[in-house]
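J.: Take a look at upload-v2.txt, compact mmCIF, C-alpha atoms (C1' of nucleotides):
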# COMPACT_ATOMS: atom_id res chain seq x y z
CA MET A 20 -6.56 -3.71 36.76
CA GLU A 21 -7.59 -2.04 33.56
CA ASN A 22 -5.25 -4.35 31.78
CA SER A 23 -6.95 -7.46 33.05
CA VAL A 24 -10.27 -6.07 31.92
CA PHE A 25 -9.20 -5.69 28.32
CA LYS A 26 -7.42 -8.99 28.43
CA ALA A 27 -10.58 -10.61 29.68
CA LEU A 28 -12.53 -9.01 26.87
CA ALA A 29 -10.13 -10.42 24.30
CA HIS A 30 -11.76 -13.82 24.12
CA PRO A 31 -15.01 -14.28 22.18
CA ALA A 32 -16.42 -16.83 24.62
CA ARG A 33 -15.95 -14.40 27.47
CA ARG A 34 -17.66 -11.60 25.62
CA GLN A 35 -20.47 -13.97 24.88
CA VAL A 36 -20.80 -14.78 28.57
CA LEU A 37 -21.20 -11.08 29.22
CA THR A 38 -23.83 -10.94 26.51
CA MET A 39 -25.71 -13.75 28.20
CA LEU A 40 -25.51 -12.00 31.54
CA ARG A 41 -26.89 -8.86 30.01
CA LYS A 42 -30.47 -9.81 30.63
CA GLY A 43 -29.81 -10.90 34.18
CA PRO A 44 -27.80 -13.17 36.47
CA ARG A 45 -27.36 -16.79 35.53
CA LEU A 46 -26.05 -19.99 37.04
CA ALA A 47 -22.63 -21.26 36.05
CA GLY A 48 -23.98 -24.50 34.70
CA ASP A 49 -26.66 -22.66 32.84
CA LEU A 50 -23.98 -20.64 31.09
CA ALA A 51 -21.70 -23.59 30.47
CA ALA A 52 -24.55 -25.52 28.88
CA GLU A 53 -24.71 -23.04 26.02
CA PHE A 54 -21.12 -23.50 24.96
CA GLU A 55 -19.35 -26.19 23.04
CA ALA A 56 -16.38 -26.00 25.32
CA SER A 57 -16.07 -28.30 28.28
CA TRP A 58 -17.27 -27.29 31.68
CA PRO A 59 -13.84 -26.78 33.19
CA THR A 60 -12.95 -24.57 30.27
CA MET A 61 -15.98 -22.40 30.86
CA SER A 62 -15.20 -22.38 34.52
CA ARG A 63 -11.83 -20.87 33.76
CA HIS A 64 -13.31 -18.27 31.45
CA LEU A 65 -15.61 -17.28 34.28
CA ALA A 66 -12.63 -17.10 36.61
CA VAL A 67 -10.86 -14.75 34.20
CA LEU A 68 -13.92 -12.53 34.04
CA LYS A 69 -14.21 -12.57 37.80
CA ASP A 70 -10.55 -11.73 38.15
CA ALA A 71 -11.08 -8.71 35.97
CA ASP A 72 -14.04 -7.84 38.16
CA LEU A 73 -16.30 -7.95 35.15
CA ILE A 74 -18.58 -10.42 36.90
CA THR A 75 -19.31 -11.40 40.46
CA ALA A 76 -20.08 -14.85 41.83
CA GLU A 77 -22.56 -15.67 44.53
CA ARG A 78 -23.13 -19.08 45.98
CA GLN A 79 -26.68 -20.29 46.07
CA GLY A 80 -26.57 -23.54 47.87
CA ASN A 81 -25.32 -26.06 45.43
CA GLN A 82 -24.84 -23.72 42.55
CA ILE A 83 -23.17 -20.44 41.76
CA LEU A 84 -24.89 -17.40 40.39
CA TYR A 85 -22.98 -15.01 38.20
CA ARG A 86 -23.89 -11.48 37.46
CA VAL A 87 -22.28 -8.80 35.34
CA ASN A 88 -20.54 -5.86 36.93
CA THR A 89 -21.80 -3.03 34.80
CA SER A 90 -19.67 -0.33 36.32
CA VAL A 91 -16.44 -2.01 35.23
CA LEU A 92 -17.88 -2.46 31.78
CA GLU A 93 -18.78 1.20 31.74
CA ASP A 94 -15.29 2.14 32.78
CA ALA A 95 -13.85 0.12 29.95
CA ALA A 96 -16.17 1.74 27.44
CA SER A 97 -15.25 5.10 28.89
CA ALA A 98 -11.58 4.33 28.53
CA LEU A 99 -12.09 3.51 24.88
CA LEU A 100 -14.04 6.68 24.26
CA GLY A 101 -11.26 8.52 26.03
CA LEU A 102 -8.87 7.21 23.42
CA ILE A 103 -10.75 9.05 20.75
CA GLY A 104 -9.12 12.29 19.82
CA ARG A 105 -10.30 15.29 21.73
CA ASP A 106 -8.31 18.33 22.69
CA GLU A 107 -7.88 17.36 26.29
CA GLY A 108 -5.04 15.35 27.65
CA ASP A 109 -6.56 13.12 30.29
CA ASP A 110 -6.87 9.44 29.74
CA GLN A 111 -9.61 9.02 32.28
CA LEU A 112 -12.93 10.53 31.42
CA LYS A 113 -16.24 9.82 32.98
CA GLU A 114 -18.88 11.24 30.70
CA ALA A 115 -19.75 10.19 27.21
CA ALA A 116 -20.49 13.88 26.66
CA GLU A 117 -22.86 13.43 23.76
CA MET B 2 -13.35 -8.85 13.21
CA GLU B 3 -14.53 -7.38 16.47
CA ASN B 4 -12.41 -10.09 17.87
CA SER B 5 -9.18 -8.73 16.46
CA VAL B 6 -10.07 -5.32 17.80
CA PHE B 7 -10.44 -6.52 21.38
CA LYS B 8 -7.40 -8.68 21.03
CA ALA B 9 -5.45 -5.69 19.84
CA LEU B 10 -6.68 -3.71 22.81
CA ALA B 11 -5.50 -6.39 25.19
CA HIS B 12 -1.89 -5.22 25.31
CA PRO B 13 -0.97 -2.14 27.37
CA ALA B 14 1.62 -0.94 24.90
CA ARG B 15 -0.93 -0.94 22.13
CA ARG B 16 -3.44 0.99 24.17
CA GLN B 17 -0.71 3.46 24.94
CA VAL B 18 0.00 3.87 21.26
CA LEU B 19 -3.64 4.75 20.77
CA THR B 20 -3.38 7.23 23.60
CA MET B 21 -0.41 8.86 21.90
CA LEU B 22 -2.28 9.05 18.63
CA ARG B 23 -5.18 10.72 20.32
CA LYS B 24 -3.79 14.18 19.87
CA GLY B 25 -2.91 13.59 16.27
CA PRO B 26 -1.01 11.43 13.80
CA ARG B 27 2.57 10.51 14.55
CA LEU B 28 5.53 8.91 12.84
CA ALA B 29 6.40 5.32 13.62
CA GLY B 30 9.84 6.19 14.89
CA ASP B 31 8.41 8.96 16.96
CA LEU B 32 6.13 6.47 18.66
CA ALA B 33 8.79 3.82 19.05
CA ALA B 34 11.10 6.33 20.69
CA GLU B 35 8.76 6.66 23.66
CA PHE B 36 8.81 2.98 24.52
CA GLU B 37 11.34 0.83 26.24
CA ALA B 38 10.69 -2.00 23.86
CA SER B 39 12.86 -2.46 20.81
CA TRP B 40 11.92 -0.86 17.56
CA PRO B 41 10.90 -4.10 15.82
CA THR B 42 8.71 -4.95 18.77
CA MET B 43 6.90 -1.67 18.43
CA SER B 44 6.63 -2.25 14.74
CA ARG B 45 4.77 -5.43 15.39
CA HIS B 46 2.44 -3.81 17.87
CA LEU B 47 1.64 -1.27 15.22
CA ALA B 48 1.00 -4.08 12.76
CA VAL B 49 -1.45 -5.68 15.18
CA LEU B 50 -3.28 -2.38 15.57
CA LYS B 51 -3.34 -1.91 11.83
CA ASP B 52 -4.64 -5.44 11.37
CA ALA B 53 -7.48 -4.65 13.69
CA ASP B 54 -8.06 -1.49 11.67
CA LEU B 55 -7.57 0.58 14.77
CA ILE B 56 -4.91 2.64 13.04
CA THR B 57 -3.95 3.44 9.48
CA ALA B 58 -0.50 3.88 7.99
CA GLU B 59 0.51 6.42 5.41
CA ARG B 60 3.92 6.65 3.82
CA GLN B 61 5.55 10.03 3.89
CA GLY B 62 8.71 9.67 1.95
CA ASN B 63 11.16 7.99 4.19
CA GLN B 64 8.88 7.59 7.13
CA ILE B 65 5.45 6.25 7.98
CA LEU B 66 2.70 8.26 9.57
CA TYR B 67 0.17 6.52 11.76
CA ARG B 68 -3.20 7.83 12.69
CA VAL B 69 -5.98 6.42 14.83
CA ASN B 70 -9.17 5.14 13.29
CA THR B 71 -11.77 6.63 15.59
CA SER B 72 -14.76 4.89 14.07
CA VAL B 73 -13.44 1.44 14.94
CA LEU B 74 -12.70 2.65 18.43
CA GLU B 75 -16.21 3.98 18.66
CA ASP B 76 -17.61 0.68 17.51
CA ALA B 77 -15.68 -1.14 20.20
CA ALA B 78 -16.91 1.26 22.87
CA SER B 79 -20.42 0.83 21.54
CA ALA B 80 -20.10 -2.92 21.71
CA LEU B 81 -19.08 -2.67 25.35
CA LEU B 82 -21.94 -0.38 26.19
CA GLY B 83 -24.19 -2.82 24.39
CA LEU B 84 -23.15 -5.48 26.84
CA ILE B 85 -24.65 -3.46 29.61
CA GLY B 86 -28.20 -4.47 30.22
CA ARG B 87 -29.50 -0.99 30.73
CA ASP B 88 -32.70 -0.37 28.80
CA GLU B 89 -32.69 3.38 28.91
CA GLY B 90 -31.36 5.34 26.04
CA ASP B 91 -28.83 4.28 23.46
CA ASP B 92 -29.17 0.82 22.14
CA GLN B 93 -27.82 0.68 18.66
CA LEU B 94 -25.15 -1.78 17.76
CA LYS B 95 -24.19 -5.04 16.27
CA GLU B 96 -23.25 -7.72 18.71
CA ALA B 97 -19.79 -8.24 20.07
CA ALA B 98 -20.00 -11.94 20.58
CA GLU B 99 -18.29 -14.21 18.06
C1' DC C 18 -21.44 -40.75 57.19
C1' DT C 19 -22.27 -41.69 52.20
C1' DG C 20 -23.69 -40.63 47.48
C1' DG C 21 -24.49 -37.46 44.02
C1' DC C 22 -24.60 -33.10 41.77
C1' DG C 23 -22.61 -28.50 40.73
C1' DA C 24 -18.51 -26.36 40.01
C1' DT C 25 -13.63 -25.54 40.47
C1' DT C 26 -8.68 -26.89 40.60
C1' DA C 27 -4.58 -29.74 38.92
C1' DG C 28 -1.82 -31.13 35.48
C1' DC C 29 -0.59 -31.47 30.84
C1' DA C 30 -0.24 -30.57 25.70
C1' DT C 31 -1.00 -27.36 22.04
C1' DT C 32 -1.29 -22.88 20.25
C1' DT C 33 -0.71 -17.96 20.40
C1' DT C 34 1.57 -13.92 21.91
C1' DT C 35 5.53 -11.43 23.03
C1' DG C 36 10.09 -9.64 22.36
C1' DC C 37 14.61 -10.02 21.04
C1' DT C 38 18.60 -9.80 17.32
C1' DA C 39 19.77 -10.10 12.60
C1' DA C 40 18.51 -9.49 7.98
C1' DT C 41 15.76 -7.02 4.66
C1' DT C 42 12.96 -3.58 2.23
C1' DA C 43 11.93 1.30 0.97
C1' DG C 44 13.08 5.85 0.02
C1' DC C 45 16.25 9.69 -0.34
C1' DA C 46 20.81 12.14 -1.09
C1' DG C 47 25.10 12.34 -3.23
C1' DC D 25 25.67 3.09 -8.20
C1' DT D 26 26.81 3.70 -2.83
C1' DG D 27 25.67 5.05 1.56
C1' DC D 28 22.36 6.42 5.02
C1' DT D 29 18.06 6.59 7.63
C1' DA D 30 13.33 4.71 8.62
C1' DA D 31 10.80 0.89 9.24
C1' DT D 32 9.49 -3.84 8.50
C1' DT D 33 10.10 -8.88 8.10
C1' DA D 34 12.48 -13.38 9.44
C1' DG D 35 13.56 -16.52 12.74
C1' DC D 36 14.00 -18.00 17.22
C1' DA D 37 13.09 -18.59 22.34
C1' DA D 38 10.41 -17.54 26.38
C1' DA D 39 6.02 -16.60 28.32
C1' DA D 40 1.12 -16.69 28.37
C1' DA D 41 -3.46 -18.32 26.90
C1' DT D 42 -6.45 -22.14 25.65
C1' DG D 43 -8.69 -26.44 26.31
C1' DC D 44 -8.80 -30.99 27.48
C1' DT D 45 -9.27 -35.07 31.11
C1' DA D 46 -8.90 -36.43 35.78
C1' DA D 47 -9.11 -35.27 40.47
C1' DT D 48 -11.07 -32.47 43.95
C1' DC D 49 -14.05 -29.40 46.72
C1' DG D 50 -18.73 -27.75 48.54
C1' DC D 51 -23.14 -28.51 49.49
C1' DC D 52 -27.28 -30.95 50.32
C1' DA D 53 -30.39 -35.12 50.69
C1' DG D 54 -30.96 -39.36 52.79
Could you rewrite the structure in this file as structure tokens?

T.:
Amino acid sequence: MENSVFKALAHPARRQVLTMLRKGPRLAGDLAAEFEASWPTMSRHLAVLKDADLITAERQGNQILYRVNTSVLEDAASALLGLIGRDEGDDQLKEAAE
Amino acid sequence: MENSVFKALAHPARRQVLTMLRKGPRLAGDLAAEFEASWPTMSRHLAVLKDADLITAERQGNQILYRVNTSVLEDAASALLGLIGRDEGDDQLKEAAE
DNA sequence: CTGGCGATTAGCATTTTTGCTAATTAGCAG
DNA sequence: CTGCTAATTAGCAAAAATGCTAATCGCCAG
């Protein structure tokens, strides 16, 4: 679960996909067009992201619309912040507490 | 170099090392003792973390003391939050793509 | 039904990561 | 120096990730 998220984030192309989805949902082909990699390669990157629940896919007739799943991204960021030394001992924290 | 950070975070054992370092610096052997993996394996995980600048090593006579580098961890968390398309509040970061 | 487009799946080769044992380095004590 | 402990590096094999081309699936127009 959490593991697949960080694994998914490990590849630059996949992080870039998330960056592209930041401004809003986009079609698979639209995303693939912006990469050097072949279409099937991008398709697999998208599958990895979907597997990690970082994005969701929605069919729109002929094409497929992807959108970012912000809550999972937030959880990951939270987990990282939780790794930063505080006096408490829980590895799951919800608030950035700034 | 963001890339090496996320790559380093991709392995559960390495995230667990960071968790252990959260409460304070620890000796390499002390860390290795808490894992099932062999000592050399842990040594390499530590090397990966050090490569990503997520931890720093300091010799203490016979042993080596590791401590977490919170700023890099913060940067990574920031990068993740930056991937979220929310336009309220904190938006200060360099990009995580590439 | 057929053709075409969007996208994924299959299958394969290459590279990277992981994890082990054995060998080595580094420091300290005598 | 020798011996001992702490930790890393070397070298290898197994597993996983990456990326390609070719084949396939899903959907819609005609």

J.: Please build the interface table for region 32-104 of chain A against region 32-46 of chain D with a cut-off of 8 Å, listing for each qualifying residue the nearest atom pair and the distance in Å to one decimal; count only C-alpha atoms (C1' of nucleotides), order rows by chain and increasing number, and write it as a Markdown table.

T.:
| residue | atom | partner | partner_atom | distance |
| --- | --- | --- | --- | --- |
| A:Ala56 | CA | D:DG43 | C1' | 7.8 |
| A:Ser57 | CA | D:DC44 | C1' | 7.8 |
| A:Thr60 | CA | D:DG43 | C1' | 6.1 |

J.: Over all Cα atoms paired in order, how far apart are chain A and chain B after a least-squares superposition, as an RMSD in Å?

T.: 4.7 Å

J.: Using Å and a single decimal, report how far CA of Ala29 (chain B) sits from CA of Ser44 (chain B).

T.: 7.7 Å

J.: With the cut-off set at 9 Å and counting all atoms listed in the file, tabulate each residue of chain D with an atom at most that distance from an atom of chain B, showing the nearest atom pair and its distance in Å to one decimal, ordered by chain and increasing number, as a Markdown table.

T.:
| residue | atom | partner | partner_atom | distance |
| --- | --- | --- | --- | --- |
| D:DT29 | C1' | B:Asn63 | CA | 7.8 |
| D:DA30 | C1' | B:Gln64 | CA | 5.5 |
| D:DA31 | C1' | B:Gln64 | CA | 7.3 |
| D:DT32 | C1' | B:Ser44 | CA | 7.0 |

J.: Have a look at B:Leu74, B:Ile56, B:Val49, B:Leu82 and name the one nearest to Gly25 (chain B); count only C-alpha atoms.

T.: B:Ile56

J.: Which of these residues is nearest to Val69 (chain B), using only C-alpha atoms: B:Leu50, B:Ala34, B:Phe7, B:His12?

T.: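 Once distances to Val69 (chain B) are computed over only C-alpha atoms, the minimum belongs to B:Leu50.
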
J.: Give me the chain A side of the contact with chain B, cut-off 9 Å, one line per residue showing its nearest atom pair and distance in Å at one decimal, counting all atoms listed in the file, sorted by chain and residue number, as a tab-separated table.

T.:
residue	atom	partner	partner_atom	distance
A:Asn22	CA	B:Pro13	CA	6.5
A:Ser23	CA	B:Ala11	CA	8.1
A:Val24	CA	B:Ala11	CA	8.3
A:Phe25	CA	B:Ala11	CA	4.9
A:Lys26	CA	B:Ala11	CA	4.6
A:Ala27	CA	B:Ala11	CA	8.0
A:Leu28	CA	B:Phe7	CA	6.4
A:Ala29	CA	B:Lys8	CA	4.6
A:His30	CA	B:Asn4	CA	7.3
A:Pro31	CA	B:Glu99	CA	5.3
A:Ala32	CA	B:Ala98	CA	7.3
A:Arg33	CA	B:Ala98	CA	8.4
A:Arg34	CA	B:Ala98	CA	5.6
A:Gln35	CA	B:Ala98	CA	4.8
A:Val36	CA	B:Ala98	CA	8.5
A:Leu37	CA	B:Leu84	CA	6.4
A:Thr38	CA	B:Leu84	CA	5.5
A:Met39	CA	B:Leu84	CA	8.8
A:Leu40	CA	B:Gly86	CA	8.1
A:Arg41	CA	B:Gly86	CA	4.6
A:Lys42	CA	B:Gly86	CA	5.8
A:Gly43	CA	B:Gly86	CA	7.7
A:Val87	CA	B:Ile85	CA	8.2
A:Asn88	CA	B:Ile85	CA	8.7
A:Thr89	CA	B:Ile85	CA	5.9
A:Ser90	CA	B:Ile85	CA	8.9
A:Leu92	CA	B:Leu81	CA	6.5
A:Glu93	CA	B:Leu82	CA	6.6
A:Ala95	CA	B:Leu81	CA	7.5
A:Ala96	CA	B:Ala78	CA	4.7
A:Ser97	CA	B:Ala78	CA	7.3
A:Ala98	CA	B:Ala78	CA	8.4
A:Leu99	CA	B:Ala78	CA	5.7
A:Leu100	CA	B:Ala78	CA	6.3
A:Gly101	CA	B:Thr20	CA	8.3
A:Leu102	CA	B:Thr20	CA	5.5
A:Ile103	CA	B:Thr71	CA	5.8
A:Gly104	CA	B:Arg23	CA	4.3
A:Arg105	CA	B:Lys24	CA	6.9
A:Asp106	CA	B:Lys24	CA	6.8
A:Glu107	CA	B:Lys24	CA	8.2
A:Gly108	CA	B:Lys24	CA	8.0
A:Asp110	CA	B:Thr20	CA	7.4

J.: Specify as a PyMOL selection string all residues of chain C found within 12 Å of chain A, counting all atoms listed in the file.

T.: chain C and resi 21-27

J.: Between CA of Ala33 (chain B) and CA of Asp52 (chain B), what distance in Å does the model show, to one decimal?

T.: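 Distance between the two atoms: 18.0 Å.
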